[in-house]
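Enquirer: Quick one, upload-v2.pdb (PDB, C-alpha atoms, pLDDT in the B column):
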ATOM      1  CA  MET A1211       7.258  33.080 -58.339  1.00 38.00           C
ATOM      2  CA  LYS A1212       5.494  30.406 -60.335  1.00 39.00           C
ATOM      3  CA  ARG A1213       4.868  31.315 -63.994  1.00 40.00           C
ATOM      4  CA  ASN A1214       1.200  31.151 -64.927  1.00 40.00           C
ATOM      5  CA  ARG A1215       0.445  29.479 -68.245  1.00 41.00           C
ATOM      6  CA  ASN A1216      -2.004  32.254 -69.162  1.00 41.00           C
ATOM      7  CA  MET A1217       0.627  35.012 -68.967  1.00 39.00           C
ATOM      8  CA  LYS A1218       2.284  36.109 -72.187  1.00 38.00           C
ATOM      9  CA  ILE A1219       5.690  37.754 -72.637  1.00 35.00           C
ATOM     10  CA  THR A1220       6.413  39.485 -75.922  1.00 35.00           C
ATOM     11  CA  SER A1221       9.592  40.835 -77.456  1.00 33.00           C
ATOM     12  CA  VAL A1222      10.770  44.396 -76.802  1.00 36.00           C
ATOM     13  CA  LYS A1223      10.849  46.940 -79.654  1.00 39.00           C
ATOM     14  CA  ASN A1224      12.159  50.533 -79.745  1.00 41.00           C
ATOM     15  CA  ARG A1225      10.204  53.527 -81.091  1.00 45.00           C
ATOM     16  CA  ASN A1226      10.893  57.259 -81.651  1.00 48.00           C
ATOM     17  CA  ASN A1227      11.095  59.303 -78.418  1.00 50.00           C
ATOM     18  CA  THR A1228      10.792  56.153 -76.330  1.00 52.00           C
ATOM     19  CA  LYS A1229      13.003  53.448 -74.918  1.00 56.00           C
ATOM     20  CA  ALA A1230      11.460  50.042 -74.417  1.00 59.00           C
ATOM     21  CA  ILE A1231      12.237  48.978 -70.870  1.00 60.00           C
ATOM     22  CA  ALA A1232      10.239  45.791 -70.367  1.00 64.00           C
ATOM     23  CA  PRO A1233       7.675  43.461 -71.813  1.00 59.00           C
ATOM     24  CA  ILE A1234       4.235  43.605 -70.227  1.00 63.00           C
ATOM     25  CA  LEU A1235       3.119  40.385 -68.590  1.00 66.00           C
ATOM     26  CA  LEU A1236      -0.555  39.931 -69.439  1.00 62.00           C
ATOM     27  CA  ASN A1237      -2.989  37.605 -67.774  1.00 59.00           C
ATOM     28  CA  VAL A1238      -5.734  35.843 -69.711  1.00 55.00           C
ATOM     29  CA  ILE A1239      -8.031  38.922 -69.692  1.00 58.00           C
ATOM     30  CA  GLY A1240      -5.256  41.416 -70.482  1.00 69.00           C
ATOM     31  CA  VAL A1241      -4.445  42.851 -67.035  1.00 77.00           C
ATOM     32  CA  PRO A1242      -0.823  44.095 -67.108  1.00 85.00           C
ATOM     33  CA  TYR A1243       1.688  42.931 -64.499  1.00 85.00           C
ATOM     34  CA  LEU A1244       5.226  44.154 -63.895  1.00 88.00           C
ATOM     35  CA  LEU A1245       8.150  42.335 -62.287  1.00 89.00           C
ATOM     36  CA  ALA A1246      10.226  44.646 -60.086  1.00 91.00           C
ATOM     37  CA  GLU A1247      13.700  43.528 -58.993  1.00 91.00           C
ATOM     38  CA  PHE A1248      14.165  45.043 -55.517  1.00 89.00           C
ATOM     39  CA  ARG A1249      17.249  42.974 -54.606  1.00 87.00           C
ATOM     40  CA  LYS A1250      19.550  41.039 -56.897  1.00 87.00           C
ATOM     41  CA  LYS A1251      17.436  38.215 -58.345  1.00 87.00           C
ATOM     42  CA  GLU A1252      14.537  38.921 -55.929  1.00 89.00           C
ATOM     43  CA  TYR A1253      11.307  40.197 -57.467  1.00 90.00           C
ATOM     44  CA  LEU A1254       7.925  41.587 -56.564  1.00 91.00           C
ATOM     45  CA  LEU A1255       4.909  41.252 -58.844  1.00 91.00           C
ATOM     46  CA  PHE A1256       2.768  44.357 -59.292  1.00 91.00           C
ATOM     47  CA  VAL A1257      -0.482  44.974 -61.124  1.00 88.00           C
ATOM     48  CA  VAL A1258      -0.097  48.083 -63.294  1.00 91.00           C
ATOM     49  CA  ASP A1259      -3.411  49.895 -62.806  1.00 87.00           C
ATOM     50  CA  THR A1260      -3.957  53.086 -64.812  1.00 87.00           C
ATOM     51  CA  GLY A1261      -7.191  53.622 -62.864  1.00 85.00           C
ATOM     52  CA  ALA A1262      -5.329  53.850 -59.552  1.00 86.00           C
ATOM     53  CA  THR A1263      -4.152  57.333 -58.629  1.00 87.00           C
ATOM     54  CA  GLU A1264      -1.630  55.987 -56.096  1.00 88.00           C
ATOM     55  CA  SER A1265       0.617  52.954 -55.788  1.00 91.00           C
ATOM     56  CA  TYR A1266       0.192  50.460 -52.953  1.00 89.00           C
ATOM     57  CA  ILE A1267       2.037  47.588 -51.352  1.00 89.00           C
ATOM     58  CA  ASP A1268       0.705  44.957 -48.965  1.00 83.00           C
ATOM     59  CA  SER A1269       1.842  45.429 -45.324  1.00 84.00           C
ATOM     60  CA  ARG A1270       2.999  41.790 -45.221  1.00 84.00           C
ATOM     61  CA  VAL A1271       5.326  42.512 -48.138  1.00 88.00           C
ATOM     62  CA  TYR A1272       6.507  45.713 -46.447  1.00 89.00           C
ATOM     63  CA  ASP A1273       7.523  43.699 -43.362  1.00 89.00           C
ATOM     64  CA  LEU A1274       9.715  41.475 -45.577  1.00 89.00           C
ATOM     65  CA  ILE A1275      11.470  44.265 -47.516  1.00 90.00           C
ATOM     66  CA  LYS A1276      11.433  47.272 -45.160  1.00 89.00           C
ATOM     67  CA  ASP A1277      15.243  47.402 -45.196  1.00 89.00           C
ATOM     68  CA  LYS A1278      15.029  48.433 -48.885  1.00 86.00           C
ATOM     69  CA  LEU A1279      12.485  51.222 -48.316  1.00 90.00           C
ATOM     70  CA  GLN A1280      12.680  54.844 -47.200  1.00 91.00           C
ATOM     71  CA  ILE A1281       9.715  55.781 -44.988  1.00 89.00           C
ATOM     72  CA  VAL A1282       7.835  59.014 -45.706  1.00 89.00           C
ATOM     73  CA  GLU A1283       4.936  60.192 -43.553  1.00 76.00           C
ATOM     74  CA  SER A1284       1.702  60.225 -45.501  1.00 74.00           C
ATOM     75  CA  LYS A1285      -1.728  58.803 -44.684  1.00 74.00           C
ATOM     76  CA  SER A1286      -4.061  57.788 -47.489  1.00 75.00           C
ATOM     77  CA  PHE A1287      -7.142  55.766 -48.230  1.00 71.00           C
ATOM     78  CA  ALA A1288      -8.694  54.378 -51.396  1.00 72.00           C
ATOM     79  CA  ARG A1289     -11.746  52.513 -52.570  1.00 72.00           C
ATOM     80  CA  CYS A1290     -11.063  49.245 -54.383  1.00 70.00           C
ATOM     81  CA  VAL A1291     -12.865  47.983 -57.464  1.00 67.00           C
ATOM     82  CA  ASP A1292     -14.712  45.456 -55.271  1.00 69.00           C
ATOM     83  CA  GLY A1293     -16.103  48.327 -53.149  1.00 74.00           C
ATOM     84  CA  SER A1294     -13.899  47.693 -50.123  1.00 72.00           C
ATOM     85  CA  GLU A1295     -11.807  50.484 -48.608  1.00 76.00           C
ATOM     86  CA  ILE A1296      -8.108  50.288 -47.836  1.00 73.00           C
ATOM     87  CA  SER A1297      -6.128  52.674 -45.703  1.00 77.00           C
ATOM     88  CA  SER A1298      -2.498  53.457 -45.099  1.00 82.00           C
ATOM     89  CA  GLU A1299      -0.759  55.079 -42.129  1.00 79.00           C
ATOM     90  CA  PHE A1300       2.443  55.839 -44.042  1.00 88.00           C
ATOM     91  CA  SER A1301       4.167  55.578 -47.404  1.00 90.00           C
ATOM     92  CA  ALA A1302       7.582  54.330 -48.435  1.00 92.00           C
ATOM     93  CA  ILE A1303       9.858  55.075 -51.368  1.00 94.00           C
ATOM     94  CA  MET A1304      11.144  51.967 -53.122  1.00 94.00           C
ATOM     95  CA  LYS A1305      13.881  51.935 -55.742  1.00 94.00           C
ATOM     96  CA  PHE A1306      13.950  48.921 -58.030  1.00 93.00           C
ATOM     97  CA  LYS A1307      14.863  47.731 -61.488  1.00 91.00           C
ATOM     98  CA  VAL A1308      12.612  46.698 -64.338  1.00 87.00           C
ATOM     99  CA  ASN A1309      14.617  44.729 -66.907  1.00 83.00           C
ATOM    100  CA  GLY A1310      17.756  46.471 -65.614  1.00 85.00           C
ATOM    101  CA  ASN A1311      16.206  49.967 -65.825  1.00 87.00           C
ATOM    102  CA  ASN A1312      16.036  52.060 -62.642  1.00 92.00           C
ATOM    103  CA  CYS A1313      12.593  53.020 -61.372  1.00 93.00           C
ATOM    104  CA  LYS A1314      11.243  54.503 -58.179  1.00 94.00           C
ATOM    105  CA  ALA A1315       7.785  54.344 -56.618  1.00 95.00           C
ATOM    106  CA  ARG A1316       6.088  55.960 -53.647  1.00 93.00           C
ATOM    107  CA  LEU A1317       4.087  53.098 -52.146  1.00 92.00           C
ATOM    108  CA  SER A1318       1.307  53.545 -49.619  1.00 90.00           C
ATOM    109  CA  VAL A1319       1.597  50.612 -47.219  1.00 89.00           C
ATOM    110  CA  MET A1320      -1.847  49.027 -46.854  1.00 83.00           C
ATOM    111  CA  LYS A1321      -3.026  47.845 -43.452  1.00 74.00           C
ATOM    112  CA  GLN A1322      -5.086  45.083 -45.006  1.00 68.00           C
ATOM    113  CA  THR A1323      -4.832  43.185 -48.255  1.00 65.00           C
ATOM    114  CA  PRO A1324      -7.540  44.032 -50.809  1.00 65.00           C
ATOM    115  CA  LEU A1325      -9.915  41.185 -51.614  1.00 69.00           C
ATOM    116  CA  ALA A1326      -8.889  41.526 -55.273  1.00 69.00           C
ATOM    117  CA  PHE A1327      -5.357  40.301 -54.418  1.00 75.00           C
ATOM    118  CA  ASP A1328      -6.787  37.158 -52.867  1.00 77.00           C
ATOM    119  CA  MET A1329      -9.134  36.630 -55.829  1.00 76.00           C
ATOM    120  CA  ILE A1330      -6.236  36.863 -58.314  1.00 76.00           C
ATOM    121  CA  GLU A1331      -4.233  34.388 -56.254  1.00 80.00           C
ATOM    122  CA  LYS A1332      -7.158  31.964 -56.097  1.00 83.00           C
ATOM    123  CA  GLU A1333      -8.088  32.236 -59.799  1.00 80.00           C
ATOM    124  CA  GLU A1334      -4.628  32.505 -61.387  1.00 78.00           C
ATOM    125  CA  GLY A1335      -2.319  30.919 -58.826  1.00 81.00           C
ATOM    126  CA  ILE A1336      -0.061  33.983 -58.478  1.00 81.00           C
ATOM    127  CA  ARG A1337       0.482  36.334 -55.548  1.00 84.00           C
ATOM    128  CA  ILE A1338       0.257  40.079 -56.200  1.00 86.00           C
ATOM    129  CA  HIS A1339       2.535  42.158 -53.976  1.00 90.00           C
ATOM    130  CA  GLY A1340       1.158  45.572 -54.851  1.00 90.00           C
ATOM    131  CA  ILE A1341      -0.379  47.991 -57.316  1.00 89.00           C
ATOM    132  CA  LEU A1342       1.557  50.475 -59.428  1.00 94.00           C
ATOM    133  CA  GLY A1343      -0.777  53.337 -60.300  1.00 93.00           C
ATOM    134  CA  ILE A1344      -0.705  56.299 -62.619  1.00 94.00           C
ATOM    135  CA  ASP A1345       1.585  58.141 -60.168  1.00 94.00           C
ATOM    136  CA  PHE A1346       4.282  55.515 -60.820  1.00 95.00           C
ATOM    137  CA  LEU A1347       3.871  55.720 -64.598  1.00 94.00           C
ATOM    138  CA  THR A1348       4.025  59.519 -64.734  1.00 93.00           C
ATOM    139  CA  SER A1349       6.897  59.967 -62.261  1.00 93.00           C
ATOM    140  CA  ASN A1350       9.026  57.482 -64.241  1.00 93.00           C
ATOM    141  CA  ASN A1351       7.912  58.754 -67.705  1.00 91.00           C
ATOM    142  CA  LEU A1352       6.491  55.340 -68.555  1.00 90.00           C
ATOM    143  CA  ILE A1353       3.854  54.473 -71.131  1.00 87.00           C
ATOM    144  CA  LEU A1354       1.987  51.196 -71.509  1.00 86.00           C
ATOM    145  CA  ASP A1355       2.076  50.228 -75.196  1.00 83.00           C
ATOM    146  CA  PHE A1356      -0.638  47.601 -75.503  1.00 81.00           C
ATOM    147  CA  CYS A1357      -0.176  47.329 -79.290  1.00 82.00           C
ATOM    148  CA  ASN A1358       3.315  45.897 -78.758  1.00 80.00           C
ATOM    149  CA  ASN A1359       2.795  44.633 -75.175  1.00 80.00           C
ATOM    150  CA  ILE A1360       5.706  46.632 -73.787  1.00 82.00           C
ATOM    151  CA  ILE A1361       6.347  49.375 -71.266  1.00 84.00           C
ATOM    152  CA  VAL A1362       8.342  52.245 -72.729  1.00 85.00           C
ATOM    153  CA  ARG A1363      10.108  55.209 -71.145  1.00 84.00           C
ATOM    154  CA  TYR A1364       9.224  58.448 -72.898  1.00 81.00           C
ATOM    155  CA  ASN A1365      12.089  60.854 -73.595  1.00 72.00           C
ATOM    156  CA  ALA A1366      10.576  64.340 -73.537  1.00 56.00           C
ATOM    157  CA  ASN A1367      13.855  65.887 -74.758  1.00 52.00           C
ATOM    158  CA  LYS A1368      13.535  64.372 -78.229  1.00 42.00           C
ATOM    159  CA  VAL A1369      11.244  65.892 -80.842  1.00 39.00           C
ATOM    160  CA  ALA A1370       9.599  63.605 -83.388  1.00 38.00           C
TER     161      ALA A1370
END
Starting from the file, give its structure as structure tokens.

Expert:
Amino acid sequence: MKRNRNMKITSVKNRNNTKAIAPILLNVIGVPYLLAEFRKKEYLLFVVDTGATESYIDSRVYDLIKDKLQIVESKSFARCVDGSEISSEFSAIMKFKVNGNNCKARLSVMKQTPLAFDMIEKEEGIRIHGILGIDFLTSNNLILDFCNNIIVRYNANKVA
């Protein structure tokens, strides 16, 4: 993946009840991205979208990494920010690492690529492989800390 000059990586800091797991990659307008290592030294780039209720991956990406995914039957459909609709015939569970930390996501495999992916590629010169929604953040106990530009894992067992 080519590094975009408008993306910023910041240092990782620890806080009470949380463990910093990764810096947030931000584009020029502040959209957060996350690099997911699905094989040793092989990465996918996801948009972290707190407005998305589900997580999605492009079917072309699925075809390339299907050996790393566990298929689960589940149809879904969603409306994109540009007004287009995307649908999925099935979902897949993907395990991956973020800065060496284990994560897991249930990804609906999209039949077609949202126009937004193509727009990001055209405007910023980077290819988005999928969207990690609020389901990913909650199932992995992750919080986006925009003050420090990091993603942290919340430890519910500790009391402040």

Enquirer: Between A:Met1329, A:Val1319, A:Ile1338, A:Leu1279, which one has atoms that come closest to A:Ser1298, using all atoms listed in the file?

Expert: A:Val1319

Enquirer: Output as a Markdown table one row per residue of stretch 1248-1327 of chain A within 12 Å of stretch 1352-1363 of chain A: the closest atom pair and its distance in Å to one decimal place, counting all atoms listed in the file, sorted by chain and residue number ascending.

Expert:
| residue | atom | partner | partner_atom | distance |
| --- | --- | --- | --- | --- |
| A:Val1258 | CA | A:Leu1354 | CA | 9.0 |
| A:Asp1259 | CA | A:Leu1354 | CA | 10.3 |
| A:Thr1260 | CA | A:Leu1354 | CA | 9.2 |
| A:Val1308 | CA | A:Ile1361 | CA | 9.7 |
| A:Asn1309 | CA | A:Ile1361 | CA | 10.4 |
| A:Asn1311 | CA | A:Arg1363 | CA | 9.6 |
| A:Asn1312 | CA | A:Arg1363 | CA | 10.8 |
| A:Cys1313 | CA | A:Leu1352 | CA | 9.7 |
| A:Lys1314 | CA | A:Leu1352 | CA | 11.4 |

Enquirer: May I ask which of the residues A:Ser1269, A:Ser1318, A:Thr1263, A:Ser1297 is the closest one to A:Gly1343, counting all atoms listed in the file?

Expert: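 Checking each candidate against A:Gly1343, we get A:Thr1263 as the closest.
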
Enquirer: Could you jot down the atom CA of A:Gly1293 to atom CA of A:Asp1345 separation for me, Å, one decimal place?

Expert: 21.4 Å

Enquirer: Just the residues within 9 Å of A:Val1271, please, counting only C-alpha atoms, with nothing from its chain fewer than 3 positions along; format it as a VMD selection string.

Expert: chain A and resid 1254 1267 to 1268 1274 to 1276 1319 1339 to 1340

Enquirer: I need the residue nearest A:Lys1251 from this list: A:Lys1307, A:Glu1295, A:Ala1302, A:Asn1350. Use all atoms listed in the file for the distance.

Expert: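 Checking each candidate against A:Lys1251, we get A:Lys1307 as the closest.
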
Enquirer: Mind filling out stretch 1317-1343 of chain A with N, CA, C and O atoms and sending it as a short mmCIF file (atom, residue, chain, number, x, y, z; two decimals), keeping the file's coordinate frame?

Expert:
data_model
loop_
_atom_site.label_atom_id
_atom_site.label_comp_id
_atom_site.auth_asym_id
_atom_site.auth_seq_id
_atom_site.Cartn_x
_atom_site.Cartn_y
_atom_site.Cartn_z
N LEU A 1317 5.07 54.14 -52.41
CA LEU A 1317 4.09 53.10 -52.15
C LEU A 1317 3.38 53.36 -50.82
O LEU A 1317 4.04 53.45 -49.78
N SER A 1318 2.08 53.48 -50.85
CA SER A 1318 1.31 53.54 -49.62
C SER A 1318 1.23 52.12 -49.08
O SER A 1318 0.90 51.19 -49.82
N VAL A 1319 1.58 51.94 -47.82
CA VAL A 1319 1.60 50.61 -47.22
C VAL A 1319 0.21 50.33 -46.64
O VAL A 1319 -0.23 50.99 -45.71
N MET A 1320 -0.48 49.35 -47.24
CA MET A 1320 -1.85 49.03 -46.85
C MET A 1320 -1.89 48.24 -45.55
O MET A 1320 -1.07 47.34 -45.36
N LYS A 1321 -2.83 48.59 -44.70
CA LYS A 1321 -3.03 47.84 -43.45
C LYS A 1321 -3.57 46.45 -43.74
O LYS A 1321 -3.21 45.49 -43.10
N GLN A 1322 -4.47 46.36 -44.68
CA GLN A 1322 -5.09 45.08 -45.01
C GLN A 1322 -4.95 44.82 -46.50
O GLN A 1322 -4.85 45.75 -47.28
N THR A 1323 -4.96 43.57 -46.86
CA THR A 1323 -4.83 43.18 -48.26
C THR A 1323 -6.20 43.29 -48.94
O THR A 1323 -7.18 42.78 -48.42
N PRO A 1324 -6.27 43.96 -50.09
CA PRO A 1324 -7.54 44.03 -50.81
C PRO A 1324 -8.03 42.64 -51.21
O PRO A 1324 -7.22 41.75 -51.51
N LEU A 1325 -9.33 42.47 -51.22
CA LEU A 1325 -9.91 41.18 -51.61
C LEU A 1325 -9.49 40.80 -53.03
O LEU A 1325 -9.34 39.63 -53.33
N ALA A 1326 -9.28 41.80 -53.88
CA ALA A 1326 -8.89 41.53 -55.27
C ALA A 1326 -7.58 40.74 -55.34
O ALA A 1326 -7.41 39.88 -56.20
N PHE A 1327 -6.63 41.03 -54.43
CA PHE A 1327 -5.36 40.30 -54.42
C PHE A 1327 -5.62 38.82 -54.17
O PHE A 1327 -5.03 37.95 -54.81
N ASP A 1328 -6.48 38.54 -53.20
CA ASP A 1328 -6.79 37.16 -52.87
C ASP A 1328 -7.52 36.47 -54.01
O ASP A 1328 -7.31 35.29 -54.28
N MET A 1329 -8.40 37.21 -54.70
CA MET A 1329 -9.13 36.63 -55.83
C MET A 1329 -8.18 36.28 -56.96
O MET A 1329 -8.30 35.22 -57.57
N ILE A 1330 -7.22 37.15 -57.25
CA ILE A 1330 -6.24 36.86 -58.31
C ILE A 1330 -5.42 35.63 -57.95
O ILE A 1330 -5.19 34.76 -58.78
N GLU A 1331 -5.01 35.55 -56.69
CA GLU A 1331 -4.23 34.39 -56.25
C GLU A 1331 -5.04 33.10 -56.40
O GLU A 1331 -4.53 32.08 -56.88
N LYS A 1332 -6.30 33.15 -56.02
CA LYS A 1332 -7.16 31.96 -56.10
C LYS A 1332 -7.41 31.55 -57.55
O LYS A 1332 -7.32 30.39 -57.90
N GLU A 1333 -7.73 32.53 -58.42
CA GLU A 1333 -8.09 32.24 -59.80
C GLU A 1333 -6.90 31.95 -60.70
O GLU A 1333 -6.98 31.14 -61.61
N GLU A 1334 -5.76 32.63 -60.48
CA GLU A 1334 -4.63 32.51 -61.39
C GLU A 1334 -3.41 31.83 -60.77
O GLU A 1334 -2.44 31.57 -61.47
N GLY A 1335 -3.43 31.61 -59.47
CA GLY A 1335 -2.32 30.92 -58.83
C GLY A 1335 -1.07 31.77 -58.66
O GLY A 1335 0.02 31.23 -58.52
N ILE A 1336 -1.21 33.09 -58.68
CA ILE A 1336 -0.06 33.98 -58.48
C ILE A 1336 -0.38 34.96 -57.35
O ILE A 1336 -1.52 35.32 -57.13
N ARG A 1337 0.64 35.38 -56.65
CA ARG A 1337 0.48 36.33 -55.55
C ARG A 1337 0.89 37.72 -56.01
O ARG A 1337 2.01 37.92 -56.49
N ILE A 1338 -0.01 38.69 -55.87
CA ILE A 1338 0.26 40.08 -56.20
C ILE A 1338 0.82 40.75 -54.96
O ILE A 1338 0.28 40.61 -53.86
N HIS A 1339 1.91 41.48 -55.11
CA HIS A 1339 2.54 42.16 -53.98
C HIS A 1339 2.10 43.60 -53.84
O HIS A 1339 2.27 44.21 -52.78
N GLY A 1340 1.58 44.19 -54.91
CA GLY A 1340 1.16 45.57 -54.85
C GLY A 1340 0.56 46.06 -56.16
O GLY A 1340 0.43 45.30 -57.12
N ILE A 1341 0.21 47.34 -56.15
CA ILE A 1341 -0.38 47.99 -57.32
C ILE A 1341 0.49 49.18 -57.67
O ILE A 1341 0.84 49.99 -56.80
N LEU A 1342 0.87 49.29 -58.93
CA LEU A 1342 1.56 50.48 -59.43
C LEU A 1342 0.53 51.30 -60.20
O LEU A 1342 -0.02 50.83 -61.20
N GLY A 1343 0.25 52.49 -59.70
CA GLY A 1343 -0.78 53.34 -60.30
C GLY A 1343 -0.21 54.36 -61.27
O GLY A 1343 0.97 54.34 -61.62
#
